[in-house]
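The structure file data32.txt is reproduced below (compact mmCIF, C-alpha atoms).
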# COMPACT_ATOMS: atom_id res chain seq x y z
CA MET E 1 6.98 -10.12 43.77
CA LYS E 2 9.82 -7.63 43.99
CA LYS E 3 12.52 -10.21 43.26
CA TRP E 4 11.34 -10.39 39.63
CA GLU E 5 11.85 -6.65 39.12
CA ILE E 6 15.14 -5.00 38.23
CA PRO E 7 16.84 -4.05 41.52
CA GLU E 8 16.40 -0.35 42.30
CA SER E 9 20.17 0.20 42.26
CA LEU E 10 20.22 -0.88 38.58
CA GLN E 11 17.21 1.12 37.39
CA ASN E 12 17.42 4.27 35.25
CA THR E 13 20.81 3.40 33.76
CA GLN E 14 19.77 4.18 30.16
CA ARG E 15 20.37 0.56 29.17
CA VAL E 16 17.91 -1.79 27.46
CA LEU E 17 19.19 -4.99 29.12
CA ILE E 18 20.44 -5.09 32.72
CA GLN E 19 22.83 -7.82 33.90
CA ARG E 20 21.75 -9.49 37.13
CA SER E 21 21.82 -12.78 39.00
CA PRO E 22 19.21 -15.45 38.17
CA VAL E 23 16.03 -15.23 40.24
CA SER E 24 15.95 -17.97 42.89
CA CYS E 25 12.84 -19.97 43.61
CA CYS E 26 11.21 -19.90 47.00
CA GLN E 27 8.94 -22.40 48.70
CA ASP E 28 5.72 -20.53 47.93
CA ASP E 29 6.62 -19.50 44.37
CA LEU E 30 7.96 -22.10 41.95
CA SER E 31 6.98 -20.06 38.89
CA CYS E 32 10.68 -19.59 38.09
CA LEU E 33 10.78 -23.27 37.01
CA ASP E 34 9.87 -24.42 33.50
CA GLN E 35 8.17 -27.47 34.94
CA VAL E 36 6.46 -28.62 31.74
CA LEU E 37 9.84 -29.80 30.41
CA TYR E 38 9.67 -32.65 32.90
CA GLN E 39 5.98 -33.52 32.50
CA PRO E 40 5.88 -35.67 29.34
CA GLU E 41 2.30 -36.69 30.03
CA ASN E 42 1.13 -33.10 29.46
CA ASN E 43 0.27 -33.05 25.76
CA GLN E 44 -0.90 -29.43 25.69
CA LEU E 45 2.59 -27.98 25.70
CA ALA E 46 5.79 -28.37 23.76
CA ASP E 47 8.15 -30.81 25.46
CA LYS E 48 11.91 -30.99 25.94
CA GLN E 49 12.49 -32.19 22.38
CA ALA E 50 10.66 -29.18 20.97
CA LEU E 51 12.92 -26.86 22.98
CA ILE E 52 16.01 -28.71 21.75
CA THR E 53 14.74 -28.37 18.16
CA SER E 54 14.24 -24.64 18.68
CA ILE E 55 17.77 -24.29 20.14
CA ASP E 56 19.21 -26.14 17.13
CA ARG E 57 17.38 -23.76 14.79
CA SER E 58 18.87 -20.75 16.56
CA LEU E 59 22.34 -22.32 16.39
CA GLN E 60 21.78 -22.85 12.67
CA TYR E 61 20.88 -19.15 12.24
CA LEU E 62 23.89 -18.03 14.28
CA GLN E 63 26.23 -19.58 11.69
CA THR E 64 24.83 -17.39 8.88
CA SER E 65 26.19 -14.19 7.42
CA ARG E 66 23.01 -12.44 8.55
CA ALA E 67 23.75 -13.33 12.16
CA ILE E 68 27.36 -12.21 11.85
CA ALA E 69 26.18 -8.85 10.50
CA ALA E 70 23.48 -8.49 13.18
CA TYR E 71 25.90 -9.04 16.04
CA GLN E 72 28.56 -6.77 14.60
CA LYS E 73 26.03 -3.96 15.07
CA TYR E 74 24.46 -5.23 18.33
CA PRO E 75 24.63 -2.39 20.88
CA VAL E 76 24.63 -4.18 24.28
CA THR E 77 28.14 -4.58 25.66
CA GLY E 78 29.02 -8.17 26.56
CA ILE E 79 26.42 -9.82 24.31
CA THR E 80 28.24 -11.27 21.32
CA ARG E 81 27.41 -13.92 18.76
CA ASP E 82 30.16 -16.17 20.11
CA ARG E 83 28.83 -15.89 23.67
CA ILE E 84 25.25 -16.59 22.49
CA ILE E 85 26.45 -19.74 20.66
CA LYS E 86 28.37 -20.99 23.71
CA SER E 87 25.40 -20.25 25.98
CA LEU E 88 22.96 -22.15 23.76
CA THR E 89 25.35 -25.10 23.43
CA ARG E 90 25.88 -25.36 27.19
CA PHE E 91 22.18 -24.93 27.99
CA ARG E 92 21.40 -27.71 25.51
CA GLN E 93 23.81 -30.03 27.36
CA LEU E 94 22.24 -29.16 30.71
CA LEU E 95 18.77 -29.73 29.29
CA LEU E 96 19.75 -33.25 28.20
CA THR E 97 21.43 -34.21 31.49
CA SER E 98 19.17 -32.56 34.09
CA GLN E 99 16.58 -34.84 35.66
CA SER E 100 14.21 -32.16 36.96
CA ALA E 101 13.25 -28.52 36.53
CA GLN E 102 14.89 -27.75 39.89
CA GLU E 103 18.17 -29.37 38.83
CA LEU E 104 18.21 -27.41 35.56
CA HIS E 105 17.49 -24.15 37.37
CA GLN E 106 20.25 -24.78 39.92
CA ALA E 107 22.74 -25.35 37.09
CA ILE E 108 21.64 -22.06 35.49
CA GLU E 109 22.15 -20.24 38.81
CA ARG E 110 25.71 -21.60 38.94
CA GLU E 111 26.76 -21.05 35.34
CA PHE E 112 24.64 -18.26 33.81
CA VAL E 113 23.77 -14.61 34.33
CA TYR E 114 20.50 -12.96 33.34
CA TYR E 115 20.20 -9.91 31.14
CA GLN E 116 16.78 -8.52 32.04
CA SER E 117 14.80 -6.26 29.72
CA VAL E 118 14.12 -2.89 31.34
CA GLY E 119 10.57 -3.23 30.04
CA LYS E 120 8.18 -0.33 29.71
CA ASP E 121 8.84 1.15 33.16
CA GLU E 122 12.60 0.64 33.79
CA LYS E 123 11.58 -1.93 36.44
CA GLY E 124 11.36 -4.83 33.99
CA THR E 125 7.62 -4.89 33.30
CA VAL E 126 6.98 -6.36 29.85
CA LEU E 127 3.59 -6.61 28.12
CA PHE E 128 3.03 -10.08 26.66
CA THR E 129 0.67 -10.90 23.84
CA ALA E 130 0.60 -14.04 21.71
CA TYR E 131 0.25 -14.95 18.06
CA TYR E 132 -0.48 -18.09 16.09
CA GLU E 133 -0.80 -19.55 12.62
CA PRO E 134 -4.46 -19.45 11.49
CA LEU E 135 -5.99 -22.30 9.52
CA TYR E 136 -8.43 -21.01 6.88
CA GLN E 137 -10.23 -22.16 3.78
CA ALA E 138 -9.08 -20.43 0.60
CA SER E 139 -9.22 -20.58 -3.17
CA ARG E 140 -6.49 -20.24 -5.80
CA SER E 141 -8.91 -18.29 -8.00
CA PRO E 142 -11.63 -15.74 -7.24
CA THR E 143 -15.25 -16.91 -7.07
CA ALA E 144 -18.51 -15.36 -5.97
CA GLU E 145 -17.84 -16.88 -2.53
CA PHE E 146 -14.07 -16.33 -2.24
CA ARG E 147 -13.54 -12.62 -3.00
CA TYR E 148 -10.96 -11.20 -0.59
CA PRO E 149 -7.31 -11.68 -1.62
CA VAL E 150 -3.92 -11.70 0.00
CA TYR E 151 -1.10 -10.45 -2.21
CA ARG E 152 2.45 -11.42 -3.14
CA LEU E 153 5.28 -8.91 -2.85
CA PRO E 154 5.53 -6.67 -5.93
CA ALA E 155 8.69 -7.30 -7.97
CA ASP E 156 9.38 -3.55 -8.02
CA PHE E 157 8.55 -2.98 -4.34
CA ASN E 158 12.00 -1.64 -3.46
CA SER E 159 11.52 1.14 -5.99
CA TRP E 160 8.09 2.21 -4.70
CA PRO E 161 8.33 5.87 -3.72
CA GLN E 162 7.81 6.75 -0.06
CA PRO E 163 5.61 7.43 1.68
CA HIS E 164 4.12 4.13 0.53
CA PRO E 165 0.43 3.94 -0.34
CA THR E 166 -1.74 3.26 2.70
CA ARG E 167 -3.94 0.19 3.06
CA LEU E 168 -6.94 2.29 2.03
CA GLU E 169 -5.14 3.43 -1.13
CA LEU E 170 -4.00 -0.09 -1.99
CA GLU E 171 -7.19 -2.11 -1.52
CA GLY E 172 -10.02 0.40 -1.01
CA ALA E 173 -12.41 0.73 1.91
CA ASP E 174 -14.11 -2.57 1.10
CA GLY E 175 -10.89 -4.53 0.48
CA LEU E 176 -11.92 -5.35 -3.09
CA GLN E 177 -10.24 -2.58 -5.12
CA GLY E 178 -6.70 -3.95 -5.31
CA ALA E 179 -7.05 -5.02 -8.96
CA SER E 180 -7.61 -1.42 -10.04
CA GLY E 181 -4.28 -0.18 -8.65
CA LYS E 182 -0.73 -1.20 -7.72
CA LEU E 183 -1.84 -4.67 -6.52
CA ARG E 184 -3.25 -5.77 -9.87
CA GLY E 185 -2.06 -9.27 -10.78
CA LEU E 186 -0.42 -9.86 -7.39
CA GLU E 187 -3.33 -11.81 -5.91
CA LEU E 188 -2.08 -15.01 -4.25
CA PHE E 189 -5.20 -16.62 -2.67
CA TRP E 190 -8.80 -15.58 -2.07
CA PHE E 191 -10.86 -15.85 1.12
CA ARG E 192 -14.56 -15.82 2.05
CA ASP E 193 -14.39 -13.35 4.91
CA ARG E 194 -12.67 -9.98 4.85
CA LEU E 195 -11.36 -10.50 8.36
CA GLU E 196 -9.41 -13.63 7.36
CA PRO E 197 -6.75 -12.02 5.11
CA TYR E 198 -6.49 -9.18 7.62
CA MET E 199 -5.92 -11.64 10.50
CA ILE E 200 -3.21 -13.34 8.44
CA GLN E 201 -1.52 -9.95 8.03
CA ILE E 202 -1.57 -9.54 11.82
CA GLN E 203 -0.28 -13.08 12.51
CA GLY E 204 2.24 -13.20 9.65
CA SER E 205 1.48 -16.69 8.30
CA ALA E 206 -1.34 -19.18 7.74
CA GLN E 207 -2.14 -22.76 6.81
CA LEU E 208 -4.68 -22.98 3.99
CA GLN E 209 -7.20 -25.70 3.18
CA LEU E 210 -7.87 -25.08 -0.52
CA THR E 211 -11.15 -25.60 -2.34
CA ASP E 212 -9.49 -28.19 -4.63
CA GLY E 213 -8.80 -30.42 -1.61
CA THR E 214 -5.09 -29.63 -1.28
CA LYS E 215 -3.30 -27.83 1.54
CA THR E 216 -0.57 -25.22 1.52
CA THR E 217 0.99 -22.52 3.69
CA ILE E 218 1.78 -18.85 3.21
CA GLY E 219 4.27 -16.67 5.06
CA TYR E 220 5.47 -13.11 5.39
CA ALA E 221 7.26 -11.64 2.37
CA GLY E 222 7.38 -7.90 3.13
CA ASN E 223 5.39 -4.92 4.34
CA THR E 224 4.79 -1.24 3.68
CA ALA E 225 6.58 1.35 5.80
CA TYR E 226 3.78 2.07 8.27
CA ASN E 227 3.35 1.06 11.89
CA TYR E 228 0.45 -1.28 12.63
CA LYS E 229 -2.59 0.48 14.09
CA SER E 230 -4.81 -1.68 16.32
CA ILE E 231 -8.44 -1.86 15.21
CA GLY E 232 -9.33 -2.80 18.79
CA ARG E 233 -7.89 0.45 20.07
CA GLU E 234 -9.75 2.32 17.33
CA LEU E 235 -13.02 0.72 18.47
CA ALA E 236 -12.24 1.86 22.01
CA ASN E 237 -11.38 5.38 20.83
CA ASP E 238 -14.83 5.56 19.21
CA GLY E 239 -16.56 4.30 22.34
CA LYS E 240 -17.70 1.07 20.66
CA LEU E 241 -15.89 -1.22 23.13
CA PRO E 242 -14.13 -0.64 26.48
CA LEU E 243 -10.34 -0.72 26.23
CA GLN E 244 -10.08 -2.41 29.62
CA GLY E 245 -10.28 -6.18 29.19
CA MET E 246 -10.35 -6.05 25.39
CA THR E 247 -9.32 -9.32 23.70
CA MET E 248 -9.36 -10.59 20.14
CA PRO E 249 -12.49 -12.75 20.71
CA ILE E 250 -14.35 -9.62 21.87
CA ILE E 251 -13.19 -7.72 18.76
CA LEU E 252 -14.16 -10.59 16.43
CA ASP E 253 -17.55 -10.92 18.09
CA TYR E 254 -18.17 -7.20 17.59
CA PHE E 255 -17.49 -7.45 13.85
CA GLN E 256 -19.65 -10.57 13.54
CA GLN E 257 -22.49 -8.46 14.88
CA HIS E 258 -21.56 -5.38 12.81
CA PRO E 259 -19.91 -6.66 9.58
CA PRO E 260 -20.28 -3.37 7.62
CA GLU E 261 -18.00 -1.69 10.15
CA LEU E 262 -15.06 -3.77 8.89
CA ASN E 263 -14.96 -1.27 6.01
CA ILE E 264 -14.53 1.54 8.56
CA TYR E 265 -11.97 0.05 10.90
CA ILE E 266 -9.67 -2.14 8.80
CA PRO E 267 -8.76 0.82 6.52
CA ARG E 268 -7.67 2.78 9.60
CA ASP E 269 -4.66 0.48 9.86
CA PRO E 270 -2.33 1.96 7.19
CA SER E 271 0.16 -0.93 7.27
CA PHE E 272 -0.01 -3.68 4.66
CA VAL E 273 1.69 -7.10 4.55
CA PHE E 274 2.65 -9.17 1.49
CA PHE E 275 2.97 -12.97 1.39
CA GLN E 276 4.60 -15.85 -0.41
CA GLU E 277 3.41 -19.43 -0.81
CA ASN E 278 5.54 -21.78 1.28
CA HIS E 279 4.04 -25.07 0.02
CA GLY E 280 3.49 -26.64 3.44
CA ALA E 281 6.63 -25.36 5.14
CA PRO E 282 6.06 -24.32 8.77
CA ALA E 283 5.71 -20.70 9.86
CA GLN E 284 9.06 -18.90 9.88
CA GLY E 285 10.36 -16.13 12.07
CA SER E 286 12.31 -13.05 11.04
CA ILE E 287 15.64 -14.90 11.41
CA ASN E 288 14.45 -17.37 8.73
CA VAL E 289 14.07 -20.46 10.89
CA PRO E 290 10.79 -22.32 11.60
CA LEU E 291 8.95 -21.16 14.71
CA THR E 292 8.37 -23.64 17.55
CA PRO E 293 5.04 -23.50 19.43
CA GLU E 294 5.52 -22.38 23.06
CA ARG E 295 9.26 -21.90 22.45
CA SER E 296 9.61 -18.98 19.98
CA ILE E 297 9.09 -15.31 20.79
CA ALA E 298 9.01 -12.09 18.79
CA THR E 299 10.71 -8.94 20.09
CA ASP E 300 11.94 -5.62 18.74
CA LYS E 301 15.04 -6.71 16.83
CA SER E 302 16.55 -3.23 16.93
CA LEU E 303 16.99 -3.85 20.67
CA MET E 304 16.98 -7.58 21.47
CA PRO E 305 19.55 -10.28 20.52
CA PRO E 306 18.36 -12.43 17.57
CA GLY E 307 18.40 -16.18 18.12
CA ALA E 308 19.28 -15.85 21.82
CA LEU E 309 18.02 -18.01 24.68
CA GLY E 310 15.46 -16.29 26.87
CA LEU E 311 13.33 -16.94 29.90
CA ILE E 312 9.84 -15.44 30.00
CA ARG E 313 7.55 -15.33 33.02
CA ALA E 314 3.95 -14.18 32.74
CA ALA E 315 0.35 -15.35 33.04
CA PHE E 316 -0.71 -17.37 29.99
CA PRO E 317 -4.06 -19.04 29.20
CA PHE E 318 -4.41 -22.81 29.07
CA ALA E 319 -7.41 -24.74 27.77
CA THR E 320 -9.10 -26.83 30.46
CA SER E 321 -10.94 -30.12 29.90
CA ASN E 322 -14.30 -28.30 29.80
CA GLY E 323 -13.12 -25.84 27.12
CA GLU E 324 -12.60 -22.88 29.44
CA MET E 325 -9.40 -20.83 29.54
CA GLU E 326 -7.46 -20.80 32.79
CA HIS E 327 -4.57 -18.35 33.30
CA GLN E 328 -1.46 -19.59 35.08
CA ILE E 329 1.77 -17.74 35.85
CA VAL E 330 4.53 -19.81 34.28
CA SER E 331 8.15 -19.59 33.18
CA ARG E 332 9.25 -20.79 29.76
CA TYR E 333 12.68 -21.07 28.20
CA VAL E 334 12.32 -19.57 24.72
CA LEU E 335 14.34 -18.60 21.66
CA ASP E 336 14.13 -15.06 20.28
CA GLN E 337 13.41 -15.86 16.63
CA ASP E 338 10.90 -13.33 15.31
CA THR E 339 9.69 -9.75 15.26
CA GLY E 340 6.38 -8.02 14.53
CA GLY E 341 4.88 -4.76 13.38
CA ALA E 342 3.32 -4.05 16.77
CA ILE E 343 6.29 -5.29 18.81
CA LYS E 344 8.22 -2.11 19.50
CA GLY E 345 10.44 -1.19 22.41
CA ALA E 346 11.87 -3.07 25.40
CA GLY E 347 8.43 -3.57 26.95
CA ARG E 348 6.82 -5.91 24.37
CA VAL E 349 7.00 -9.64 23.66
CA ASP E 350 4.79 -11.72 21.35
CA TYR E 351 4.67 -15.45 22.21
CA PHE E 352 4.09 -18.02 19.43
CA LEU E 353 1.42 -20.56 20.38
CA GLY E 354 1.20 -22.77 17.29
CA THR E 355 -1.42 -23.50 14.62
CA GLY E 356 -5.20 -23.74 14.51
CA LYS E 357 -8.25 -22.92 16.59
CA VAL E 358 -7.04 -23.73 20.12
CA ALA E 359 -3.83 -21.79 19.54
CA GLY E 360 -5.93 -18.91 18.17
CA ASP E 361 -8.32 -19.03 21.12
CA ARG E 362 -5.37 -18.89 23.52
CA ALA E 363 -3.56 -16.16 21.59
CA GLY E 364 -6.71 -14.05 21.47
CA VAL E 365 -6.93 -13.80 25.26
CA THR E 366 -3.21 -13.50 26.00
CA VAL E 367 -2.44 -10.09 27.43
CA SER E 368 -0.48 -9.84 30.65
CA ASN E 369 2.50 -8.17 32.27
CA GLY E 370 5.58 -10.22 33.04
CA GLN E 371 9.34 -10.34 32.67
CA LEU E 372 11.87 -11.13 29.94
CA TYR E 373 15.41 -12.34 30.62
CA TYR E 374 18.21 -13.54 28.36
CA LEU E 375 20.49 -16.31 29.65
CA LEU E 376 24.21 -16.01 28.97
CA LEU E 377 27.11 -18.01 30.34
CA LYS E 378 29.18 -16.19 32.90
CA PRO E 379 32.27 -14.72 31.20
Please re-express this file's structure in structure tokens.
Amino acid sequence: MKKWEIPESLQNTQRVLIQRSPVSCCQDDLSCLDQVLYQPENNQLADKQALITSIDRSLQYLQTSRAIAAYQKYPVTGITRDRIIKSLTRFRQLLLTSQSAQELHQAIEREFVYYQSVGKDEKGTVLFTAYYEPLYQASRSPTAEFRYPVYRLPADFNSWPQPHPTRLELEGADGLQGASGKLRGLELFWFRDRLEPYMIQIQGSAQLQLTDGTKTTIGYAGNTAYNYKSIGRELANDGKLPLQGMTMPIILDYFQQHPPELNIYIPRDPSFVFFQENHGAPAQGSINVPLTPERSIATDKSLMPPGALGLIRAAFPFATSNGEMEHQIVSRYVLDQDTGGAIKGAGRVDYFLGTGKVAGDRAGVTVSNGQLYYLLLKP
């Protein structure tokens, strides 16, 4: 519907975020309401308390020296750290006192303005994908079964000459040659399946069930200076799979049927991610606060305001009682708390869906166009 797009009079202004009035609901389209906040019986989604927790984490970040530095350099006029803090604080109050999604939205229409991302087309169209925290089995030491490692950040990484070594140069075509080069002695955990450490590099964190019966978590520690290259797109370029309708389950199914081809396609992604053990701590975003399922997003932090309150609207998959995935267009209030190697430009958002198989199943089929707004109190 046209009302969700940036008005034509505001298009092509060479700005990343466009100030506009909140989008009003109409009788036939209530997708502007975050209705799940007022449906406590719905256990599939994060509730009001989860959103409050996520707000508090952003407020915590906004008091740090990192936040002060980030907003001193933030390029969008009118968006300041002080205004973000006041906006989050007021929204939190409204969230606690509003009795319905409609009441909350009406208060936002009165007190807030939207800053809409220009998206990928200057009309506000944003491509949404999703990510999650995988849950895998792993070993603290290599065995005949657990052979494929993830690696900790090298102590001398900042002095590595650029261009950095590529993935192929670091771990070899088969993913097993790291010990013969710059990665020697940096192995953190070992996995059964070559795809598992690679998926963790894409997602940025993981929960691990270890062979000794204990559990732990790992999270992002650094990466080489290469942009992520999608192995799905590479498969399409080679005519192995159609690009239209491609999802992660389709890609994974292809490699289950053709496992030797992992050694062809994974090395084509030159980027490489390093990890640290977090000893059970939850997955963290780039602003160093824990991510909240359904309430944290990743954007390009060279463009978008870190820690800010956003509203996203897009079609997302939900698991039905019979195990199918059903897409629904929904709005969600979110906090901008992360970034990602593939999340570049004003037209990309990655939505955090939580931990484990269901979250992974949902993330794997999330790909849709929608809109991204930031909510700020009227001056």
Name the residues in contact with region 319-329 of chain E at a cut-off of 10 Å, using all atoms listed in the file, excluding same-chain residues fewer than 4 positions from it; report them as a PyMOL selection string. chain E and resi 29-32+44+313-315+358-359+361-362+365-366+368+370
Please indicate the distance in Å from CA of Leu376 (chain E) to CA of Ser302 (chain E), rounded to one decimal place.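 Value for the CA of Leu376 (chain E)-CA of Ser302 (chain E) distance: 19.2 Å.
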Give me, as a PyMOL selection string, all polymer residues having an atom no more than 8 Å from Thr355 (chain E), counting all atoms listed in the file and skipping those fewer than 2 positions away in the same chain. chain E and resi 132-135+207+353+357-360
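Among the candidate residues E:Ser54, E:Thr77, E:Gln276, E:Asn227, the one lying nearest to Ser296 (chain E) is E:Ser54, with distances computed using all atoms listed in the file.
Look at everything within 7 Å of (8.3, -27.3, 26.6) using only C-alpha atoms, and the residues you get are Val36, Leu37, Leu45, Ala46, Asp47, Lys48, Ala50, Leu51, Glu294 and Arg295 of chain E.
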Among listed residues E:Glu145, E:Glu171, E:Glu109, E:Glu234, nearest Trp190 (chain E) (using all atoms listed in the file):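 Once distances to Trp190 (chain E) are computed over all atoms listed in the file, the minimum belongs to E:Glu145.
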Do you have, as CSV, the list of residues of region 86-193 of chain E lying at most 7 Å from region 265-272 of chain E, each with its nearest atom pair and that distance in Å to one decimal, counting all atoms listed in the file and ordered by chain then number?
residue,atom,partner,partner_atom,distance
E:Thr166,CA,E:Pro270,CA,4.7
E:Arg167,CA,E:Pro270,CA,4.8
E:Leu168,CA,E:Pro267,CA,5.1
E:Ala173,CA,E:Pro267,CA,5.9
